[in-house]
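As stored in coords14.csv (CSV, C-alpha atoms and all ligand atoms):
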```csv
chain,number,residue,atom,x,y,z
S,1,MET,CA,50.9,-10.1,15.6
S,2,THR,CA,51.4,-6.5,14.5
S,3,LYS,CA,48.8,-4.4,12.7
S,4,LYS,CA,50.9,-4.6,9.6
S,5,ASP,CA,50.9,-8.4,9.7
S,6,LYS,CA,47.1,-8.4,10.2
S,7,MET,CA,46.6,-6.0,7.4
S,8,ALA,CA,48.8,-8.1,5.1
S,9,ILE,CA,46.6,-11.2,5.9
S,10,ALA,CA,43.4,-9.2,5.2
S,11,VAL,CA,44.8,-7.9,1.9
S,12,GLU,CA,45.7,-11.4,0.8
S,13,ALA,CA,42.4,-12.9,1.8
S,14,LEU,CA,40.3,-10.3,0.0
S,15,GLU,CA,42.5,-10.6,-3.1
S,16,LYS,CA,41.6,-14.3,-3.1
S,17,ARG,CA,37.9,-13.6,-2.5
S,18,TYR,CA,37.6,-10.8,-5.1
S,19,PRO,CA,40.4,-11.2,-7.7
S,20,ASP,CA,38.7,-8.7,-10.0
S,21,ALA,CA,37.5,-6.1,-7.6
S,22,LYS,CA,37.2,-2.6,-9.0
S,23,CYS,CA,35.2,0.5,-8.7
S,24,SER,CA,31.5,-0.2,-9.4
S,25,LEU,CA,30.9,3.2,-11.0
S,26,THR,CA,30.8,3.2,-14.8
S,27,ALA,CA,33.2,5.7,-16.5
S,28,GLU,CA,35.2,5.9,-19.6
S,29,ASN,CA,37.6,8.6,-18.6
S,30,PRO,CA,39.0,10.5,-15.5
S,31,LEU,CA,36.4,13.3,-15.8
S,32,GLN,CA,33.5,10.9,-16.0
S,33,LEU,CA,34.8,9.0,-13.0
S,34,LEU,CA,35.2,12.3,-11.0
S,35,ILE,CA,31.6,13.3,-11.9
S,36,ALA,CA,30.2,9.9,-11.2
S,37,THR,CA,31.9,9.8,-7.8
S,38,ARG,CA,30.5,13.2,-6.9
S,39,LEU,CA,27.0,11.9,-7.9
S,40,SER,CA,27.4,8.8,-5.7
S,41,ALA,CA,27.4,10.8,-2.4
S,42,GLN,CA,24.3,9.6,-0.5
S,43,CYS,CA,23.2,7.6,-3.6
S,44,THR,CA,23.9,4.1,-4.8
S,45,ASP,CA,26.5,3.3,-7.5
S,46,ALA,CA,23.7,1.4,-9.4
S,47,ARG,CA,21.5,4.5,-9.4
S,48,VAL,CA,24.4,6.7,-10.6
S,49,ASN,CA,25.2,4.2,-13.4
S,50,LEU,CA,21.6,4.5,-14.6
S,51,VAL,CA,21.8,8.3,-15.0
S,52,THR,CA,25.3,8.9,-16.3
S,53,PRO,CA,24.9,7.4,-19.8
S,54,ALA,CA,22.4,10.2,-20.8
S,55,LEU,CA,24.4,12.8,-18.9
S,56,PHE,CA,27.7,11.9,-20.6
S,57,GLU,CA,25.9,11.7,-24.0
S,58,ARG,CA,24.7,15.3,-23.6
S,59,PHE,CA,27.9,16.7,-22.0
S,60,LYS,CA,30.9,15.1,-23.6
S,61,THR,CA,33.9,17.3,-22.5
S,62,CYS,CA,35.0,19.4,-19.6
S,63,ASP,CA,34.2,22.5,-21.7
S,64,ASP,CA,30.7,21.2,-22.2
S,65,PHE,CA,30.1,20.9,-18.5
S,66,ALA,CA,31.9,24.2,-17.7
S,67,SER,CA,29.6,26.1,-20.0
S,68,ALA,CA,26.4,24.2,-19.1
S,69,GLN,CA,23.4,25.7,-17.2
S,70,GLU,CA,23.2,24.1,-13.8
S,71,SER,CA,19.5,23.7,-14.2
S,72,GLU,CA,20.0,21.5,-17.3
S,73,VAL,CA,22.6,19.3,-15.6
S,74,ALA,CA,20.2,19.0,-12.6
S,75,GLU,CA,17.5,17.6,-14.8
S,76,TYR,CA,19.7,14.7,-15.8
S,77,ILE,CA,20.7,13.8,-12.3
S,78,ARG,CA,17.5,14.5,-10.4
S,79,SER,CA,17.1,10.9,-9.2
S,80,CYS,CA,20.5,10.9,-7.5
S,81,GLY,CA,19.4,13.1,-4.7
S,82,LEU,CA,20.8,16.5,-3.7
S,83,TYR,CA,20.7,17.2,-7.4
S,84,LYS,CA,20.8,21.0,-7.2
S,85,THR,CA,24.0,21.0,-5.1
S,86,LYS,CA,25.5,18.2,-7.2
S,87,ALA,CA,24.7,20.1,-10.4
S,88,HIS,CA,26.3,23.2,-9.0
S,89,ASP,CA,29.4,21.3,-7.9
S,90,ILE,CA,29.8,19.6,-11.3
S,91,VAL,CA,29.6,22.7,-13.3
S,92,GLU,CA,31.8,24.6,-10.9
S,93,MET,CA,34.5,21.9,-10.7
S,94,CYS,CA,34.6,21.7,-14.5
S,95,ARG,CA,35.1,25.4,-14.7
S,96,GLN,CA,38.0,25.1,-12.2
S,97,ILE,CA,39.5,22.2,-14.1
S,98,ARG,CA,39.2,24.2,-17.4
S,99,ASP,CA,40.6,27.4,-15.9
S,100,ASN,CA,43.2,26.1,-13.4
S,101,PHE,CA,44.3,22.8,-14.6
S,102,GLY,CA,44.2,23.0,-18.4
S,103,GLY,CA,41.2,20.9,-18.8
S,104,GLU,CA,42.8,17.8,-17.2
S,105,VAL,CA,41.6,16.2,-14.0
S,106,PRO,CA,44.4,17.1,-11.5
S,107,ASP,CA,46.8,14.5,-10.2
S,108,SER,CA,47.3,15.2,-6.5
S,109,ILE,CA,45.0,15.1,-3.4
S,110,GLU,CA,45.7,18.7,-2.7
S,111,LYS,CA,44.6,19.9,-6.2
S,112,LEU,CA,41.7,17.5,-6.3
S,113,THR,CA,40.3,18.7,-3.0
S,114,SER,CA,40.5,22.3,-4.2
S,115,LEU,CA,37.7,21.5,-6.6
S,116,SER,CA,34.1,22.3,-5.7
S,117,GLY,CA,32.5,19.4,-3.8
S,118,ILE,CA,35.5,17.1,-3.9
S,119,GLY,CA,36.7,15.7,-0.6
S,120,ARG,CA,39.5,13.3,0.3
S,121,LYS,CA,37.4,10.2,-0.3
S,122,THR,CA,36.8,11.1,-4.0
S,123,ALA,CA,40.3,12.5,-4.3
S,124,ASN,CA,41.8,9.2,-3.1
S,125,LEU,CA,39.6,7.3,-5.5
S,126,ILE,CA,40.9,9.3,-8.4
S,127,MET,CA,44.5,9.0,-7.3
S,128,GLY,CA,44.1,5.2,-7.0
S,129,ASP,CA,42.0,4.4,-10.1
S,130,VAL,CA,43.2,7.1,-12.5
S,131,TYR,CA,46.8,7.7,-11.5
S,132,ARG,CA,47.6,4.3,-9.8
S,133,GLN,CA,49.0,6.0,-6.8
S,134,PRO,CA,48.7,4.8,-3.2
S,135,ALA,CA,45.1,5.7,-2.1
S,136,VAL,CA,42.9,4.9,0.9
S,137,VAL,CA,39.2,5.6,0.1
S,138,THR,CA,37.8,6.0,3.5
S,139,ASP,CA,34.1,5.2,3.2
S,140,THR,CA,31.7,3.7,5.7
S,141,HIS,CA,32.7,0.1,4.8
S,142,LEU,CA,36.4,0.7,5.3
S,143,ILE,CA,35.8,2.5,8.6
S,144,ARG,CA,33.5,-0.2,10.0
S,145,ILE,CA,35.5,-3.2,9.0
S,146,THR,CA,38.9,-1.9,9.9
S,147,ASN,CA,37.5,-0.8,13.3
S,148,ARG,CA,36.1,-4.3,13.8
S,149,LEU,CA,39.4,-6.0,12.8
S,150,GLY,CA,41.3,-3.8,15.2
S,151,LEU,CA,43.2,-2.1,12.4
S,152,SER,CA,41.8,1.4,13.0
S,153,GLN,CA,40.1,3.3,15.8
S,154,GLY,CA,37.4,5.9,15.6
S,155,LYS,CA,35.0,7.0,12.9
S,156,GLU,CA,36.7,10.2,11.7
S,157,PRO,CA,37.6,9.5,8.0
S,158,TYR,CA,40.9,11.5,8.0
S,159,LYS,CA,42.2,9.8,11.1
S,160,VAL,CA,41.2,6.3,9.8
S,161,GLU,CA,42.9,7.1,6.5
S,162,MET,CA,46.1,8.0,8.2
S,163,GLN,CA,46.0,4.9,10.4
S,164,ILE,CA,45.5,2.6,7.4
S,165,ARG,CA,48.2,4.3,5.3
S,166,LYS,CA,50.7,3.5,8.1
S,167,ILE,CA,50.0,-0.2,7.9
S,168,ILE,CA,49.1,-1.2,4.4
S,169,ALA,CA,51.5,-1.8,1.5
S,170,PRO,CA,51.0,1.3,-0.6
S,171,GLU,CA,50.7,-0.5,-3.9
S,172,LYS,CA,47.9,-2.7,-2.5
S,173,SER,CA,45.9,0.2,-0.9
S,174,SER,CA,43.6,1.3,-3.8
S,175,ASP,CA,42.5,-2.2,-4.8
S,176,PHE,CA,42.0,-3.2,-1.1
S,177,CYS,CA,39.5,-0.3,-0.7
S,178,HIS,CA,37.4,-1.6,-3.6
S,179,ARG,CA,37.5,-5.1,-2.2
S,180,ILE,CA,36.5,-4.0,1.3
S,181,VAL,CA,33.4,-2.3,-0.1
S,182,GLN,CA,32.3,-5.6,-1.7
S,183,PHE,CA,33.3,-7.5,1.5
S,184,GLY,CA,31.1,-5.1,3.5
S,185,ARG,CA,28.2,-5.7,1.3
S,186,ASP,CA,28.6,-9.5,1.2
S,187,VAL,CA,30.0,-10.5,4.6
S,188,CYS,CA,30.9,-7.9,7.2
S,189,LYS,CA,27.6,-6.1,6.9
S,190,ALA,CA,26.8,-3.2,9.2
S,191,GLN,CA,23.9,-5.2,10.7
S,192,SER,CA,24.3,-9.0,11.2
S,193,PRO,CA,27.8,-9.6,9.8
S,194,LYS,CA,28.3,-13.2,8.7
S,195,CYS,CA,31.2,-14.0,11.0
S,196,ASP,CA,30.6,-17.8,10.7
S,197,GLU,CA,31.7,-17.7,7.0
S,198,CYS,CA,34.3,-15.0,7.3
S,199,GLU,CA,37.9,-15.7,6.3
S,200,LEU,CA,39.1,-12.9,8.5
S,201,LYS,CA,37.6,-14.3,11.7
S,202,SER,CA,41.0,-15.5,13.0
S,203,ILE,CA,42.4,-12.0,13.0
S,204,CYS,CA,39.3,-10.1,13.9
S,205,SER,CA,39.1,-8.3,17.2
S,206,GLN,CA,35.3,-8.1,17.2
S,207,LYS,CA,33.5,-11.3,16.1
S,208,PHE,CA,29.8,-11.3,16.6
S,209,ASP,CA,27.9,-14.2,18.1
S,210,LYS,CA,25.2,-15.0,15.6
S,211,LYS,CA,22.5,-15.8,18.1
S,212,ALA,CA,23.2,-13.5,20.9
S,213,GLU,CA,24.6,-10.7,18.7
S,214,LYS,CA,27.1,-10.1,21.4
S,215,THR,CA,30.7,-9.2,21.0
S,216,LYS,CA,33.2,-12.0,21.7
S,217,LYS,CA,36.4,-10.3,22.6
S,301,LIG,S1,34.7,-11.9,11.9
S,301,LIG,FE1,32.7,-10.8,11.7
S,301,LIG,S2,33.1,-8.7,12.4
S,301,LIG,FE2,35.1,-9.7,12.0
S,301,LIG,S3,35.6,-9.1,9.9
S,301,LIG,FE3,34.6,-11.1,9.8
S,301,LIG,S4,32.4,-10.6,9.4
S,301,LIG,FE4,33.4,-8.7,10.2
```
Just dump the structure as structure tokens.
Amino acid sequence: MTKKDKMAIAVEALEKRYPDAKCSLTAENPLQLLIATRLSAQCTDARVNLVTPALFERFKTCDDFASAQESEVAEYIRSCGLYKTKAHDIVEMCRQIRDNFGGEVPDSIEKLTSLSGIGRKTANLIMGDVYRQPAVVTDTHLIRITNRLGLSQGKEPYKVEMQIRKIIAPEKSSDFCHRIVQFGRDVCKAQSPKCDECELKSICSQKFDKKAEKTKK
């Protein structure tokens, strides 16, 4: 079986398991999603969703953020961790969006990654969720699970993204990434994956023995 065949099976199985999978960050427009995603670095989505309502009530537009004091933004996001860096990035990226992109969240990975604090992971998420373009959000869940399935090798996000882009149907890629996050939380956990109840077991290169925690090749 080719990697493309295995990927198609994984895509279909996760579509069945999570028919409504979507980004777990709460946002009402592309700018809010971009900011929420920046806040989610080294923080849980649930925590981000707790702080963003007040933040987005105080700062409603790109201009509002672009002209904000970083210290005031920082107070709203203190509990998300790295809050000074994140506040700096949010204000700076909004200035760049205002000055370089007419106030609209840009629509290419190259332009998005030119923004302060925005890497390929976030850029891919915006491309998939906002612009409905092929997107591979290469986070820890995607790397771990596709490594285990034998669909990717290595931990370097860019390399894994390129490997997955070669084998996944482009129109399925964005939703698959949301589903694999949920699958990583529910089944293929970092510690003690639930291989016994896993619907991908038949195509997995690395099933774990529950008792011995050994790899069955
Ligand atoms: S069989 Fe186990 S290691 Fe493989 S994908 Fe399923 S839960 Fe993960």
| task | Taking (37.0, 9.7, -13.6) in the file's own coordinates, collect the residues within 10 Å, counting only C-alpha atoms, and hand them back as an MDAnalysis selection string. | result | chainID S and resid 25:38 105 122 125:127 129:130
Report, as AutoDock Vina command-line options, the axis-aligned box around all atoms of ligand LIG 301 (chain S) present in the file, extended by 6 Å on each side; give centre and edge lengths in Å to one decimal place.
```
--center_x 34.0 --center_y -10.3 --center_z 10.9 --size_x 15.2 --size_y 15.2 --size_z 15.0
```
Residues within 12 Å of ligand LIG 301 (chain S), counting only C-alpha atoms and all ligand atoms, as a PDB file with C-alpha atoms, in the frame of the given file:
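This went into selection-v4.pdb:
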```
ATOM      1  CA  LYS S   6      47.100  -8.400  10.200  1.00  0.00           C
ATOM      2  CA  MET S   7      46.600  -6.000   7.400  1.00  0.00           C
ATOM      3  CA  ILE S   9      46.600 -11.200   5.900  1.00  0.00           C
ATOM      4  CA  ALA S  10      43.400  -9.200   5.200  1.00  0.00           C
ATOM      5  CA  ALA S  13      42.400 -12.900   1.800  1.00  0.00           C
ATOM      6  CA  LEU S  14      40.300 -10.300   0.000  1.00  0.00           C
ATOM      7  CA  HIS S 141      32.700   0.100   4.800  1.00  0.00           C
ATOM      8  CA  LEU S 142      36.400   0.700   5.300  1.00  0.00           C
ATOM      9  CA  ILE S 143      35.800   2.500   8.600  1.00  0.00           C
ATOM     10  CA  ARG S 144      33.500  -0.200  10.000  1.00  0.00           C
ATOM     11  CA  ILE S 145      35.500  -3.200   9.000  1.00  0.00           C
ATOM     12  CA  THR S 146      38.900  -1.900   9.900  1.00  0.00           C
ATOM     13  CA  ASN S 147      37.500  -0.800  13.300  1.00  0.00           C
ATOM     14  CA  ARG S 148      36.100  -4.300  13.800  1.00  0.00           C
ATOM     15  CA  LEU S 149      39.400  -6.000  12.800  1.00  0.00           C
ATOM     16  CA  GLY S 150      41.300  -3.800  15.200  1.00  0.00           C
ATOM     17  CA  LEU S 151      43.200  -2.100  12.400  1.00  0.00           C
ATOM     18  CA  ILE S 180      36.500  -4.000   1.300  1.00  0.00           C
ATOM     19  CA  PHE S 183      33.300  -7.500   1.500  1.00  0.00           C
ATOM     20  CA  GLY S 184      31.100  -5.100   3.500  1.00  0.00           C
ATOM     21  CA  ARG S 185      28.200  -5.700   1.300  1.00  0.00           C
ATOM     22  CA  ASP S 186      28.600  -9.500   1.200  1.00  0.00           C
ATOM     23  CA  VAL S 187      30.000 -10.500   4.600  1.00  0.00           C
ATOM     24  CA  CYS S 188      30.900  -7.900   7.200  1.00  0.00           C
ATOM     25  CA  LYS S 189      27.600  -6.100   6.900  1.00  0.00           C
ATOM     26  CA  ALA S 190      26.800  -3.200   9.200  1.00  0.00           C
ATOM     27  CA  GLN S 191      23.900  -5.200  10.700  1.00  0.00           C
ATOM     28  CA  SER S 192      24.300  -9.000  11.200  1.00  0.00           C
ATOM     29  CA  PRO S 193      27.800  -9.600   9.800  1.00  0.00           C
ATOM     30  CA  LYS S 194      28.300 -13.200   8.700  1.00  0.00           C
ATOM     31  CA  CYS S 195      31.200 -14.000  11.000  1.00  0.00           C
ATOM     32  CA  ASP S 196      30.600 -17.800  10.700  1.00  0.00           C
ATOM     33  CA  GLU S 197      31.700 -17.700   7.000  1.00  0.00           C
ATOM     34  CA  CYS S 198      34.300 -15.000   7.300  1.00  0.00           C
ATOM     35  CA  GLU S 199      37.900 -15.700   6.300  1.00  0.00           C
ATOM     36  CA  LEU S 200      39.100 -12.900   8.500  1.00  0.00           C
ATOM     37  CA  LYS S 201      37.600 -14.300  11.700  1.00  0.00           C
ATOM     38  CA  SER S 202      41.000 -15.500  13.000  1.00  0.00           C
ATOM     39  CA  ILE S 203      42.400 -12.000  13.000  1.00  0.00           C
ATOM     40  CA  CYS S 204      39.300 -10.100  13.900  1.00  0.00           C
ATOM     41  CA  SER S 205      39.100  -8.300  17.200  1.00  0.00           C
ATOM     42  CA  GLN S 206      35.300  -8.100  17.200  1.00  0.00           C
ATOM     43  CA  LYS S 207      33.500 -11.300  16.100  1.00  0.00           C
ATOM     44  CA  PHE S 208      29.800 -11.300  16.600  1.00  0.00           C
ATOM     45  CA  ASP S 209      27.900 -14.200  18.100  1.00  0.00           C
ATOM     46  CA  LYS S 210      25.200 -15.000  15.600  1.00  0.00           C
ATOM     47  CA  GLU S 213      24.600 -10.700  18.700  1.00  0.00           C
ATOM     48  CA  LYS S 214      27.100 -10.100  21.400  1.00  0.00           C
ATOM     49  CA  THR S 215      30.700  -9.200  21.000  1.00  0.00           C
ATOM     50  CA  LYS S 216      33.200 -12.000  21.700  1.00  0.00           C
ATOM     51  CA  LYS S 217      36.400 -10.300  22.600  1.00  0.00           C
TER      52      LYS S 217
END
```
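The interatomic distance for the pair atom CA of S:Phe101 and atom CA of S:Ser114 works out to 11.1 Å.
Straight-line separation from atom CA of S:Asp107 to atom CA of S:Glu57: 25.2 Å.
Across S:Arg179, S:Leu39, S:Gln96, S:Lys166, the tightest approach to S:Val73 is made by S:Leu39 when counting only C-alpha atoms.
Straight-line separation from atom CA of S:Ile164 to atom CA of S:Val11: 11.9 Å.
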| request: Skip S:Pro157 itself and residues of its chain fewer than 3 positions away, then list as a PyMOL selection string all residues within 8 Å of it, counting all atoms listed in the file. | output: chain S and resi 138-139+143+160-161
| request: Return the single residue from S:Gln69, S:Ser79, S:Ser108, S:Ser116 that is closest to S:Ser40, with distances computed using all atoms listed in the file. | output: S:Ser79
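For the set S:Arg165, S:Arg98, S:Lys172, S:Lys86, the residue with the smallest atom-to-atom gap to S:Gln42 is S:Lys86, counting only C-alpha atoms.
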Can you list, as a PDB file with C-alpha atoms, in the frame of the given file, every protein, DNA or RNA residue that comes within 9 Å of S:Gly117 when you count all atoms listed in the file, leaving out same-chain residues fewer than 3 positions away?
```pdb
ATOM      1  CA  ARG S  38      30.500  13.200  -6.900  1.00  0.00           C
ATOM      2  CA  THR S  85      24.000  21.000  -5.100  1.00  0.00           C
ATOM      3  CA  LYS S  86      25.500  18.200  -7.200  1.00  0.00           C
ATOM      4  CA  HIS S  88      26.300  23.200  -9.000  1.00  0.00           C
ATOM      5  CA  ASP S  89      29.400  21.300  -7.900  1.00  0.00           C
ATOM      6  CA  ILE S  90      29.800  19.600 -11.300  1.00  0.00           C
ATOM      7  CA  GLU S  92      31.800  24.600 -10.900  1.00  0.00           C
ATOM      8  CA  MET S  93      34.500  21.900 -10.700  1.00  0.00           C
ATOM      9  CA  THR S 113      40.300  18.700  -3.000  1.00  0.00           C
ATOM     10  CA  SER S 114      40.500  22.300  -4.200  1.00  0.00           C
TER      11      SER S 114
END
```
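Nearest-residue note for S:Val136: choosing from S:Ala8, S:Cys94, S:Ala66, S:Ile109, the minimum distance belongs to S:Ile109, counting only C-alpha atoms.
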